[in-house]
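Engineer: Dropping a structure here in structure tokens format, bear with me for questions.
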Amino acid sequence: MKNISIDTDYLLTMLLALLGIHSPSGYTDPIVRYVCSVLQELGIEFELTRRGAIRATLKGKSESPDRAVVTHLDTIGAMVKELKDNGRLSLVPVGTWSARFAEGGRVSIFTDDLIYRGQVLPLKASGHTFNLDVDTQPIAWENIEVRVDEKAFSLSDLRDLGINVGDFVAFDSATEEFPNGFICARHLDNKAGVAAVLAAAKFIIESRIELPVDLHLLFTISEEVGSGASAVLHGDVAEMITVDNGTTAPGQCSSEFGVTIAMADSSGPFDFHLTHHLIHLCDDNGIPYQRDIFRYYRCDSASALEAGNDIRTALIAFGVDGSHGYERTNIDSLECIGKLIVAYATQRPLYASQLGSLSTLESFPETRDTDVEGTKLIPPEPIPQEPETIAEAVDLEESSESGDPLEEE
């Protein structure tokens, strides 16, 4: 589909709103409610799982076999590990990230009844007190603490405030945007992906595009801790595109511009056919892209497959520098993600003839018969296996001499 025009003003507005809502894994109800309100404004039907994952549906000409685009609403964060005698809080991380990036963060502490504000500091925070020792403390979660912005100077003070072990601690995004398109913030993973999906959905609806098959927009709430899309899928989804961040760093091919198409992550290769279909769509629609492999990364697709879903999966990513730290991306990459989602949604399912979870060989694709143009390799004639025993070799030779049909085979 040509001339896909993503509303980047809307995309940026959505992103800034999402970045203003705390949503560490395990405390995602507020952002779930916000995204549901956006879906209602767009006129998109949706359902919620018991825990709050969202499955929205853009109706198509056919209901089956349908497909999905998945992003996650949850972010990294922390929880209160201990109430300390000095009136401060020790932390344990939620998700996988370094205490290096927690230091200095402004945070909200979600107690049973109230929300307090605070600052994450190293145990040796003052150069006027510890002199050069401030530079010698190892980086570890055990070496940082939260200074609560209340009169809290003892363990009993913390208890009087109603702070308990297990309270969620959420980190402010500290967002900045620039005229050159760069956006700097914590939690671009994966709120930028959510904003891109919503912008793509807005274009489809406002353009009155009739999709060939139902498209589900899945918004998960626990990707950062591993469960991801496994709970919100249903059995009729035949193919699923995950939208997440691609890491721009030495040794990686991701970029903060264009789309990054992941060929594999730590859970293994993505589906060959679906991945190359996306590459073909980028070529056909003039969407700049690059390929990458992520060795220390897993996304919503992994949990869906591990849960036993027999679906084709692929990952498209917007480039992020400094992932799980102080992150940066560019609106160009997010716009390209939106364009690819629209291009994908408007095409027929990759292998629409595979109607059921089980099918025949006739509907199963040959490896080189994809939508990608190129030279098709002709395999050589099969090499016959060597007989395993001397007796089998003698039998085979006698059969050949007697004109046995084995000779023709």
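Chain labels run A, B, ... following the order of the structure tokens; each chain numbers its residues from 1, and ligands are numbered from 1 in the order shown.
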Which polymer residues have any atom within 12 Å of an atom of A:Glu103, counting only C-alpha atoms, with same-chain residues fewer than 5 positions away left out, as a ChimeraX atom specification?

Structural biologist: /A:91,97-98,118-125,139-147,171,325-326

Engineer: Could you pull the residues within 8 Å of A:Ala174, counting only C-alpha atoms, minus those fewer than 5 positions along the same chain, as a VMD selection string?

Structural biologist: chain A and resid 184 to 186

Engineer: Could you dump the residues just selected with N, CA and C atoms as a PDB file, in the first residue's frame?

Structural biologist:
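Output saved as result_24.pdb:
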ATOM      1  N   CYS A 184      14.334  11.635  24.185  1.00  0.00           N
ATOM      2  CA  CYS A 184      15.133  11.023  25.240  1.00  0.00           C
ATOM      3  C   CYS A 184      14.246  10.801  26.460  1.00  0.00           C
ATOM      4  N   ALA A 185      14.280   9.586  27.007  1.00  0.00           N
ATOM      5  CA  ALA A 185      13.434   9.274  28.161  1.00  0.00           C
ATOM      6  C   ALA A 185      13.753   7.873  28.659  1.00  0.00           C
ATOM      7  N   ARG A 186      13.456   7.631  29.922  1.00  0.00           N
ATOM      8  CA  ARG A 186      13.334   6.247  30.367  1.00  0.00           C
ATOM      9  C   ARG A 186      12.041   5.670  29.783  1.00  0.00           C
TER      10      ARG A 186
END

Engineer: Given the choices A:Ala249, A:Leu73, A:Leu218, A:Val134, which gets closest to A:Arg328 if the distance is worked out from only C-alpha atoms?

Structural biologist: A:Ala249

Engineer: Using DSSP secondary structure from the backbone, list all strand (DSSP E) positions within stretch 61-191 of chain A, as a PDB file with N, CA, C and O atoms, in the first residue's frame.

Structural biologist:
ATOM      1  N   LYS A  61     -12.489  -8.425   6.464  1.00  0.00           N
ATOM      2  CA  LYS A  61     -13.478  -9.139   5.660  1.00  0.00           C
ATOM      3  C   LYS A  61     -13.724 -10.538   6.198  1.00  0.00           C
ATOM      4  O   LYS A  61     -14.830 -11.062   6.123  1.00  0.00           O
ATOM      5  N   SER A  62     -12.662 -11.160   6.699  1.00  0.00           N
ATOM      6  CA  SER A  62     -12.747 -12.523   7.209  1.00  0.00           C
ATOM      7  C   SER A  62     -12.315 -12.549   8.674  1.00  0.00           C
ATOM      8  O   SER A  62     -11.481 -11.743   9.092  1.00  0.00           O
ATOM      9  N   GLU A  63     -12.880 -13.464   9.424  1.00  0.00           N
ATOM     10  CA  GLU A  63     -12.529 -13.592  10.831  1.00  0.00           C
ATOM     11  C   GLU A  63     -11.387 -14.579  11.062  1.00  0.00           C
ATOM     12  O   GLU A  63     -10.762 -14.569  12.118  1.00  0.00           O
ATOM     13  N   SER A  64     -11.123 -15.442  10.070  1.00  0.00           N
ATOM     14  CA  SER A  64     -10.180 -16.532  10.317  1.00  0.00           C
ATOM     15  C   SER A  64      -9.442 -16.888   9.041  1.00  0.00           C
ATOM     16  O   SER A  64     -10.020 -16.819   7.945  1.00  0.00           O
ATOM     17  N   PRO A  65      -8.159 -17.286   9.148  1.00  0.00           N
ATOM     18  CA  PRO A  65      -7.329 -17.217  10.356  1.00  0.00           C
ATOM     19  C   PRO A  65      -6.857 -15.792  10.576  1.00  0.00           C
ATOM     20  O   PRO A  65      -6.406 -15.131   9.638  1.00  0.00           O
ATOM     21  N   ASP A  66      -6.976 -15.292  11.784  1.00  0.00           N
ATOM     22  CA  ASP A  66      -6.667 -13.896  12.033  1.00  0.00           C
ATOM     23  C   ASP A  66      -5.210 -13.723  12.447  1.00  0.00           C
ATOM     24  O   ASP A  66      -4.442 -14.674  12.509  1.00  0.00           O
ATOM     25  N   ARG A  67      -4.818 -12.480  12.717  1.00  0.00           N
ATOM     26  CA  ARG A  67      -3.437 -12.197  13.075  1.00  0.00           C
ATOM     27  C   ARG A  67      -3.382 -11.100  14.117  1.00  0.00           C
ATOM     28  O   ARG A  67      -4.401 -10.497  14.461  1.00  0.00           O
ATOM     29  N   ALA A  68      -2.183 -10.846  14.618  1.00  0.00           N
ATOM     30  CA  ALA A  68      -2.055  -9.939  15.750  1.00  0.00           C
ATOM     31  C   ALA A  68      -0.776  -9.122  15.654  1.00  0.00           C
ATOM     32  O   ALA A  68       0.221  -9.551  15.072  1.00  0.00           O
ATOM     33  N   VAL A  69      -0.842  -7.929  16.242  1.00  0.00           N
ATOM     34  CA  VAL A  69       0.331  -7.086  16.489  1.00  0.00           C
ATOM     35  C   VAL A  69       0.379  -6.865  17.995  1.00  0.00           C
ATOM     36  O   VAL A  69      -0.617  -6.474  18.602  1.00  0.00           O
ATOM     37  N   VAL A  70       1.521  -7.129  18.616  1.00  0.00           N
ATOM     38  CA  VAL A  70       1.603  -7.097  20.076  1.00  0.00           C
ATOM     39  C   VAL A  70       2.687  -6.128  20.537  1.00  0.00           C
ATOM     40  O   VAL A  70       3.778  -6.059  19.959  1.00  0.00           O
ATOM     41  N   THR A  71       2.367  -5.359  21.560  1.00  0.00           N
ATOM     42  CA  THR A  71       3.327  -4.501  22.257  1.00  0.00           C
ATOM     43  C   THR A  71       3.106  -4.685  23.762  1.00  0.00           C
ATOM     44  O   THR A  71       2.086  -5.228  24.176  1.00  0.00           O
ATOM     45  N   HIS A  72       4.035  -4.181  24.561  1.00  0.00           N
ATOM     46  CA  HIS A  72       3.832  -4.314  26.011  1.00  0.00           C
ATOM     47  C   HIS A  72       3.783  -2.951  26.688  1.00  0.00           C
ATOM     48  O   HIS A  72       4.502  -2.016  26.318  1.00  0.00           O
ATOM     49  N   GLY A  77      11.305  -1.412  36.696  1.00  0.00           N
ATOM     50  CA  GLY A  77      11.058  -0.613  37.894  1.00  0.00           C
ATOM     51  C   GLY A  77      11.733  -1.260  39.082  1.00  0.00           C
ATOM     52  O   GLY A  77      12.792  -1.883  38.945  1.00  0.00           O
ATOM     53  N   ALA A  78      11.106  -1.138  40.252  1.00  0.00           N
ATOM     54  CA  ALA A  78      11.693  -1.716  41.460  1.00  0.00           C
ATOM     55  C   ALA A  78      10.601  -1.929  42.499  1.00  0.00           C
ATOM     56  O   ALA A  78       9.451  -1.506  42.324  1.00  0.00           O
ATOM     57  N   MET A  79      10.982  -2.614  43.581  1.00  0.00           N
ATOM     58  CA  MET A  79      10.108  -2.798  44.741  1.00  0.00           C
ATOM     59  C   MET A  79      10.923  -2.560  46.010  1.00  0.00           C
ATOM     60  O   MET A  79      12.162  -2.689  46.002  1.00  0.00           O
ATOM     61  N   VAL A  80      10.226  -2.201  47.073  1.00  0.00           N
ATOM     62  CA  VAL A  80      10.890  -2.007  48.365  1.00  0.00           C
ATOM     63  C   VAL A  80      11.319  -3.361  48.903  1.00  0.00           C
ATOM     64  O   VAL A  80      10.496  -4.257  49.096  1.00  0.00           O
ATOM     65  N   LYS A  81      12.619  -3.511  49.124  1.00  0.00           N
ATOM     66  CA  LYS A  81      13.160  -4.759  49.664  1.00  0.00           C
ATOM     67  C   LYS A  81      13.254  -4.721  51.185  1.00  0.00           C
ATOM     68  O   LYS A  81      13.045  -5.729  51.864  1.00  0.00           O
ATOM     69  N   GLU A  82      13.546  -3.534  51.734  1.00  0.00           N
ATOM     70  CA  GLU A  82      13.760  -3.421  53.184  1.00  0.00           C
ATOM     71  C   GLU A  82      13.517  -1.988  53.642  1.00  0.00           C
ATOM     72  O   GLU A  82      13.848  -1.029  52.934  1.00  0.00           O
ATOM     73  N   LEU A  83      12.917  -1.844  54.814  1.00  0.00           N
ATOM     74  CA  LEU A  83      12.826  -0.558  55.498  1.00  0.00           C
ATOM     75  C   LEU A  83      14.042  -0.444  56.409  1.00  0.00           C
ATOM     76  O   LEU A  83      14.230  -1.261  57.309  1.00  0.00           O
ATOM     77  N   LEU A  89      15.071   3.354  52.092  1.00  0.00           N
ATOM     78  CA  LEU A  89      14.526   2.115  51.558  1.00  0.00           C
ATOM     79  C   LEU A  89      15.561   1.432  50.671  1.00  0.00           C
ATOM     80  O   LEU A  89      16.181   2.077  49.816  1.00  0.00           O
ATOM     81  N   SER A  90      15.741   0.139  50.860  1.00  0.00           N
ATOM     82  CA  SER A  90      16.540  -0.626  49.901  1.00  0.00           C
ATOM     83  C   SER A  90      15.612  -1.201  48.842  1.00  0.00           C
ATOM     84  O   SER A  90      14.407  -1.365  49.062  1.00  0.00           O
ATOM     85  N   LEU A  91      16.172  -1.507  47.678  1.00  0.00           N
ATOM     86  CA  LEU A  91      15.369  -1.870  46.517  1.00  0.00           C
ATOM     87  C   LEU A  91      15.781  -3.221  45.934  1.00  0.00           C
ATOM     88  O   LEU A  91      16.925  -3.661  46.090  1.00  0.00           O
ATOM     89  N   VAL A  92      14.849  -3.823  45.249  1.00  0.00           N
ATOM     90  CA  VAL A  92      15.115  -4.976  44.391  1.00  0.00           C
ATOM     91  C   VAL A  92      14.528  -4.631  43.027  1.00  0.00           C
ATOM     92  O   VAL A  92      13.450  -4.029  42.937  1.00  0.00           O
ATOM     93  N   PRO A  93      15.234  -4.942  41.934  1.00  0.00           N
ATOM     94  CA  PRO A  93      14.728  -4.533  40.617  1.00  0.00           C
ATOM     95  C   PRO A  93      13.537  -5.362  40.164  1.00  0.00           C
ATOM     96  O   PRO A  93      13.403  -6.538  40.496  1.00  0.00           O
ATOM     97  N   VAL A  94      12.670  -4.747  39.379  1.00  0.00           N
ATOM     98  CA  VAL A  94      11.617  -5.425  38.633  1.00  0.00           C
ATOM     99  C   VAL A  94      12.026  -5.382  37.167  1.00  0.00           C
ATOM    100  O   VAL A  94      12.158  -4.311  36.577  1.00  0.00           O
ATOM    101  N   ARG A 106      14.417  10.024  40.020  1.00  0.00           N
ATOM    102  CA  ARG A 106      13.270  10.468  40.816  1.00  0.00           C
ATOM    103  C   ARG A 106      12.202   9.386  40.732  1.00  0.00           C
ATOM    104  O   ARG A 106      11.940   8.821  39.657  1.00  0.00           O
ATOM    105  N   VAL A 107      11.589   9.070  41.862  1.00  0.00           N
ATOM    106  CA  VAL A 107      10.679   7.924  41.914  1.00  0.00           C
ATOM    107  C   VAL A 107       9.393   8.255  42.667  1.00  0.00           C
ATOM    108  O   VAL A 107       9.340   9.208  43.451  1.00  0.00           O
ATOM    109  N   SER A 108       8.390   7.432  42.392  1.00  0.00           N
ATOM    110  CA  SER A 108       7.151   7.398  43.170  1.00  0.00           C
ATOM    111  C   SER A 108       7.092   6.076  43.909  1.00  0.00           C
ATOM    112  O   SER A 108       7.386   5.021  43.324  1.00  0.00           O
ATOM    113  N   ILE A 109       6.714   6.139  45.187  1.00  0.00           N
ATOM    114  CA  ILE A 109       6.578   4.936  46.020  1.00  0.00           C
ATOM    115  C   ILE A 109       5.089   4.709  46.253  1.00  0.00           C
ATOM    116  O   ILE A 109       4.410   5.553  46.853  1.00  0.00           O
ATOM    117  N   PHE A 110       4.580   3.589  45.742  1.00  0.00           N
ATOM    118  CA  PHE A 110       3.150   3.301  45.806  1.00  0.00           C
ATOM    119  C   PHE A 110       2.860   2.437  47.030  1.00  0.00           C
ATOM    120  O   PHE A 110       3.081   1.225  47.020  1.00  0.00           O
ATOM    121  N   ILE A 115       0.807   7.763  47.731  1.00  0.00           N
ATOM    122  CA  ILE A 115       1.976   7.760  46.855  1.00  0.00           C
ATOM    123  C   ILE A 115       2.948   8.801  47.375  1.00  0.00           C
ATOM    124  O   ILE A 115       2.601   9.975  47.527  1.00  0.00           O
ATOM    125  N   TYR A 116       4.169   8.358  47.673  1.00  0.00           N
ATOM    126  CA  TYR A 116       5.206   9.271  48.131  1.00  0.00           C
ATOM    127  C   TYR A 116       6.247   9.450  47.028  1.00  0.00           C
ATOM    128  O   TYR A 116       6.391   8.608  46.141  1.00  0.00           O
ATOM    129  N   ARG A 117       6.971  10.564  47.109  1.00  0.00           N
ATOM    130  CA  ARG A 117       8.035  10.838  46.167  1.00  0.00           C
ATOM    131  C   ARG A 117       9.392  10.627  46.828  1.00  0.00           C
ATOM    132  O   ARG A 117       9.517  10.686  48.060  1.00  0.00           O
ATOM    133  N   GLY A 118      10.410  10.359  46.016  1.00  0.00           N
ATOM    134  CA  GLY A 118      11.729  10.130  46.574  1.00  0.00           C
ATOM    135  C   GLY A 118      12.818  10.185  45.530  1.00  0.00           C
ATOM    136  O   GLY A 118      12.557  10.449  44.346  1.00  0.00           O
ATOM    137  N   GLN A 119      14.038   9.929  45.973  1.00  0.00           N
ATOM    138  CA  GLN A 119      15.215   9.983  45.113  1.00  0.00           C
ATOM    139  C   GLN A 119      16.091   8.769  45.401  1.00  0.00           C
ATOM    140  O   GLN A 119      16.289   8.408  46.568  1.00  0.00           O
ATOM    141  N   VAL A 120      16.593   8.143  44.332  1.00  0.00           N
ATOM    142  CA  VAL A 120      17.505   7.020  44.502  1.00  0.00           C
ATOM    143  C   VAL A 120      18.940   7.549  44.573  1.00  0.00           C
ATOM    144  O   VAL A 120      19.389   8.286  43.685  1.00  0.00           O
ATOM    145  N   LEU A 121      19.643   7.168  45.647  1.00  0.00           N
ATOM    146  CA  LEU A 121      20.998   7.656  45.878  1.00  0.00           C
ATOM    147  C   LEU A 121      21.934   6.492  46.199  1.00  0.00           C
ATOM    148  O   LEU A 121      21.498   5.469  46.754  1.00  0.00           O
ATOM    149  N   PRO A 122      23.217   6.632  45.880  1.00  0.00           N
ATOM    150  CA  PRO A 122      24.182   5.643  46.362  1.00  0.00           C
ATOM    151  C   PRO A 122      24.341   5.776  47.867  1.00  0.00           C
ATOM    152  O   PRO A 122      24.038   6.826  48.445  1.00  0.00           O
ATOM    153  N   ILE A 144      22.537   1.029  46.752  1.00  0.00           N
ATOM    154  CA  ILE A 144      21.709   2.217  46.565  1.00  0.00           C
ATOM    155  C   ILE A 144      20.541   2.174  47.525  1.00  0.00           C
ATOM    156  O   ILE A 144      20.194   1.116  48.076  1.00  0.00           O
ATOM    157  N   GLU A 145      19.913   3.316  47.747  1.00  0.00           N
ATOM    158  CA  GLU A 145      18.769   3.415  48.646  1.00  0.00           C
ATOM    159  C   GLU A 145      17.885   4.571  48.199  1.00  0.00           C
ATOM    160  O   GLU A 145      18.318   5.464  47.450  1.00  0.00           O
ATOM    161  N   VAL A 146      16.628   4.541  48.644  1.00  0.00           N
ATOM    162  CA  VAL A 146      15.684   5.606  48.332  1.00  0.00           C
ATOM    163  C   VAL A 146      15.573   6.555  49.521  1.00  0.00           C
ATOM    164  O   VAL A 146      15.291   6.125  50.648  1.00  0.00           O
ATOM    165  N   ARG A 147      15.814   7.816  49.267  1.00  0.00           N
ATOM    166  CA  ARG A 147      15.564   8.868  50.245  1.00  0.00           C
ATOM    167  C   ARG A 147      14.137   9.363  50.023  1.00  0.00           C
ATOM    168  O   ARG A 147      13.813   9.957  49.000  1.00  0.00           O
ATOM    169  N   VAL A 148      13.260   9.094  50.967  1.00  0.00           N
ATOM    170  CA  VAL A 148      11.856   9.487  50.857  1.00  0.00           C
ATOM    171  C   VAL A 148      11.724  10.963  51.198  1.00  0.00           C
ATOM    172  O   VAL A 148      12.301  11.445  52.185  1.00  0.00           O
ATOM    173  N   PHE A 168       5.620  -0.919  45.338  1.00  0.00           N
ATOM    174  CA  PHE A 168       6.241  -0.651  44.040  1.00  0.00           C
ATOM    175  C   PHE A 168       6.925   0.709  44.047  1.00  0.00           C
ATOM    176  O   PHE A 168       6.431   1.674  44.638  1.00  0.00           O
ATOM    177  N   VAL A 169       8.062   0.754  43.364  1.00  0.00           N
ATOM    178  CA  VAL A 169       8.809   1.996  43.187  1.00  0.00           C
ATOM    179  C   VAL A 169       8.955   2.207  41.682  1.00  0.00           C
ATOM    180  O   VAL A 169       9.568   1.387  40.983  1.00  0.00           O
ATOM    181  N   ALA A 170       8.378   3.296  41.169  1.00  0.00           N
ATOM    182  CA  ALA A 170       8.377   3.578  39.740  1.00  0.00           C
ATOM    183  C   ALA A 170       9.252   4.790  39.441  1.00  0.00           C
ATOM    184  O   ALA A 170       9.223   5.779  40.173  1.00  0.00           O
ATOM    185  N   PHE A 171      10.012   4.713  38.362  1.00  0.00           N
ATOM    186  CA  PHE A 171      10.978   5.742  38.007  1.00  0.00           C
ATOM    187  C   PHE A 171      10.392   6.711  36.978  1.00  0.00           C
ATOM    188  O   PHE A 171       9.813   6.287  35.973  1.00  0.00           O
ATOM    189  N   GLU A 176      12.573  14.323  27.329  1.00  0.00           N
ATOM    190  CA  GLU A 176      12.887  15.500  26.535  1.00  0.00           C
ATOM    191  C   GLU A 176      12.673  15.169  25.067  1.00  0.00           C
ATOM    192  O   GLU A 176      13.028  14.081  24.614  1.00  0.00           O
ATOM    193  N   GLU A 177      12.103  16.105  24.323  1.00  0.00           N
ATOM    194  CA  GLU A 177      11.949  15.951  22.885  1.00  0.00           C
ATOM    195  C   GLU A 177      12.636  17.121  22.190  1.00  0.00           C
ATOM    196  O   GLU A 177      12.751  18.213  22.756  1.00  0.00           O
ATOM    197  N   PHE A 182      14.622  13.652  17.824  1.00  0.00           N
ATOM    198  CA  PHE A 182      15.086  12.778  18.889  1.00  0.00           C
ATOM    199  C   PHE A 182      14.201  12.916  20.129  1.00  0.00           C
ATOM    200  O   PHE A 182      13.725  14.007  20.462  1.00  0.00           O
ATOM    201  N   ILE A 183      13.994  11.807  20.790  1.00  0.00           N
ATOM    202  CA  ILE A 183      13.229  11.750  22.038  1.00  0.00           C
ATOM    203  C   ILE A 183      14.081  11.004  23.045  1.00  0.00           C
ATOM    204  O   ILE A 183      14.531   9.881  22.781  1.00  0.00           O
ATOM    205  N   CYS A 184      14.334  11.635  24.185  1.00  0.00           N
ATOM    206  CA  CYS A 184      15.133  11.023  25.240  1.00  0.00           C
ATOM    207  C   CYS A 184      14.246  10.801  26.460  1.00  0.00           C
ATOM    208  O   CYS A 184      13.551  11.724  26.906  1.00  0.00           O
ATOM    209  N   ALA A 185      14.280   9.586  27.007  1.00  0.00           N
ATOM    210  CA  ALA A 185      13.434   9.274  28.161  1.00  0.00           C
ATOM    211  C   ALA A 185      13.753   7.873  28.659  1.00  0.00           C
ATOM    212  O   ALA A 185      14.244   7.023  27.911  1.00  0.00           O
TER     213      ALA A 185
END

Engineer: For stretch 254-257 of chain A, please output as a PyMOL selection string all residues within 12 Å (counting only C-alpha atoms; exclusion window: fewer than 2 positions along the same chain).

Structural biologist: chain A and resi 180-184+245-252+259-263+287-294+316-323+327-337

Engineer: Store the residues picked out above, limited to C-alpha atoms, as a PDB file, in the first residue's frame.

Structural biologist:
ATOM      1  CA  ASN A 180      15.399  17.137  15.139  1.00  0.00           C
ATOM      2  CA  GLY A 181      13.064  14.277  16.059  1.00  0.00           C
ATOM      3  CA  PHE A 182      15.086  12.778  18.889  1.00  0.00           C
ATOM      4  CA  ILE A 183      13.229  11.750  22.038  1.00  0.00           C
ATOM      5  CA  CYS A 184      15.133  11.023  25.240  1.00  0.00           C
ATOM      6  CA  ASN A 245      12.918  -1.761  20.752  1.00  0.00           C
ATOM      7  CA  GLY A 246      16.057  -2.574  18.806  1.00  0.00           C
ATOM      8  CA  THR A 247      19.365  -1.938  20.528  1.00  0.00           C
ATOM      9  CA  THR A 248      21.757   0.459  18.833  1.00  0.00           C
ATOM     10  CA  ALA A 249      25.235  -0.365  20.109  1.00  0.00           C
ATOM     11  CA  PRO A 250      28.622  -1.622  18.881  1.00  0.00           C
ATOM     12  CA  GLY A 251      28.173  -4.994  17.246  1.00  0.00           C
ATOM     13  CA  GLN A 252      24.501  -4.351  16.480  1.00  0.00           C
ATOM     14  CA  VAL A 259      12.665  -0.113  10.917  1.00  0.00           C
ATOM     15  CA  THR A 260      14.857  -2.839  12.355  1.00  0.00           C
ATOM     16  CA  ILE A 261      13.676  -6.317  11.377  1.00  0.00           C
ATOM     17  CA  ALA A 262      14.966  -8.885  13.830  1.00  0.00           C
ATOM     18  CA  MET A 263      16.063 -12.190  12.356  1.00  0.00           C
ATOM     19  CA  ILE A 287      10.245   1.927   4.107  1.00  0.00           C
ATOM     20  CA  PRO A 288      13.927   2.055   5.113  1.00  0.00           C
ATOM     21  CA  TYR A 289      15.011  -0.924   7.189  1.00  0.00           C
ATOM     22  CA  GLN A 290      17.924  -2.938   8.466  1.00  0.00           C
ATOM     23  CA  ARG A 291      18.240  -6.469   9.835  1.00  0.00           C
ATOM     24  CA  ASP A 292      19.626  -7.377  13.243  1.00  0.00           C
ATOM     25  CA  ILE A 293      20.037 -10.240  15.716  1.00  0.00           C
ATOM     26  CA  PHE A 294      19.663  -9.735  19.459  1.00  0.00           C
ATOM     27  CA  ILE A 316       9.967  -5.274  14.165  1.00  0.00           C
ATOM     28  CA  ALA A 317      11.856  -2.732  16.239  1.00  0.00           C
ATOM     29  CA  PHE A 318      12.433   0.986  16.584  1.00  0.00           C
ATOM     30  CA  GLY A 319      16.035   1.843  17.355  1.00  0.00           C
ATOM     31  CA  VAL A 320      16.845   2.707  20.975  1.00  0.00           C
ATOM     32  CA  ASP A 321      20.222   3.865  22.225  1.00  0.00           C
ATOM     33  CA  GLY A 322      20.954   2.984  25.869  1.00  0.00           C
ATOM     34  CA  SER A 323      18.118   0.478  26.331  1.00  0.00           C
ATOM     35  CA  GLU A 327      17.063   5.787  26.337  1.00  0.00           C
ATOM     36  CA  ARG A 328      16.891   7.688  23.053  1.00  0.00           C
ATOM     37  CA  THR A 329      15.019   7.122  19.798  1.00  0.00           C
ATOM     38  CA  ASN A 330      13.868   9.210  16.851  1.00  0.00           C
ATOM     39  CA  ILE A 331      10.359   9.924  15.576  1.00  0.00           C
ATOM     40  CA  ASP A 332      11.510   8.724  12.135  1.00  0.00           C
ATOM     41  CA  SER A 333      11.905   5.171  13.407  1.00  0.00           C
ATOM     42  CA  LEU A 334       8.486   5.228  15.087  1.00  0.00           C
ATOM     43  CA  GLU A 335       6.840   6.597  11.953  1.00  0.00           C
ATOM     44  CA  CYS A 336       8.397   3.810   9.895  1.00  0.00           C
ATOM     45  CA  ILE A 337       7.113   1.236  12.395  1.00  0.00           C
TER      46      ILE A 337
END

Engineer: Measuring atom to atom with only C-alpha atoms, identify which of A:Asp74, A:Glu45, A:Asp149, A:Asp172 is nearest to A:Ala102.

Structural biologist: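 With only C-alpha atoms as the atom set, the closest residue is A:Asp172.
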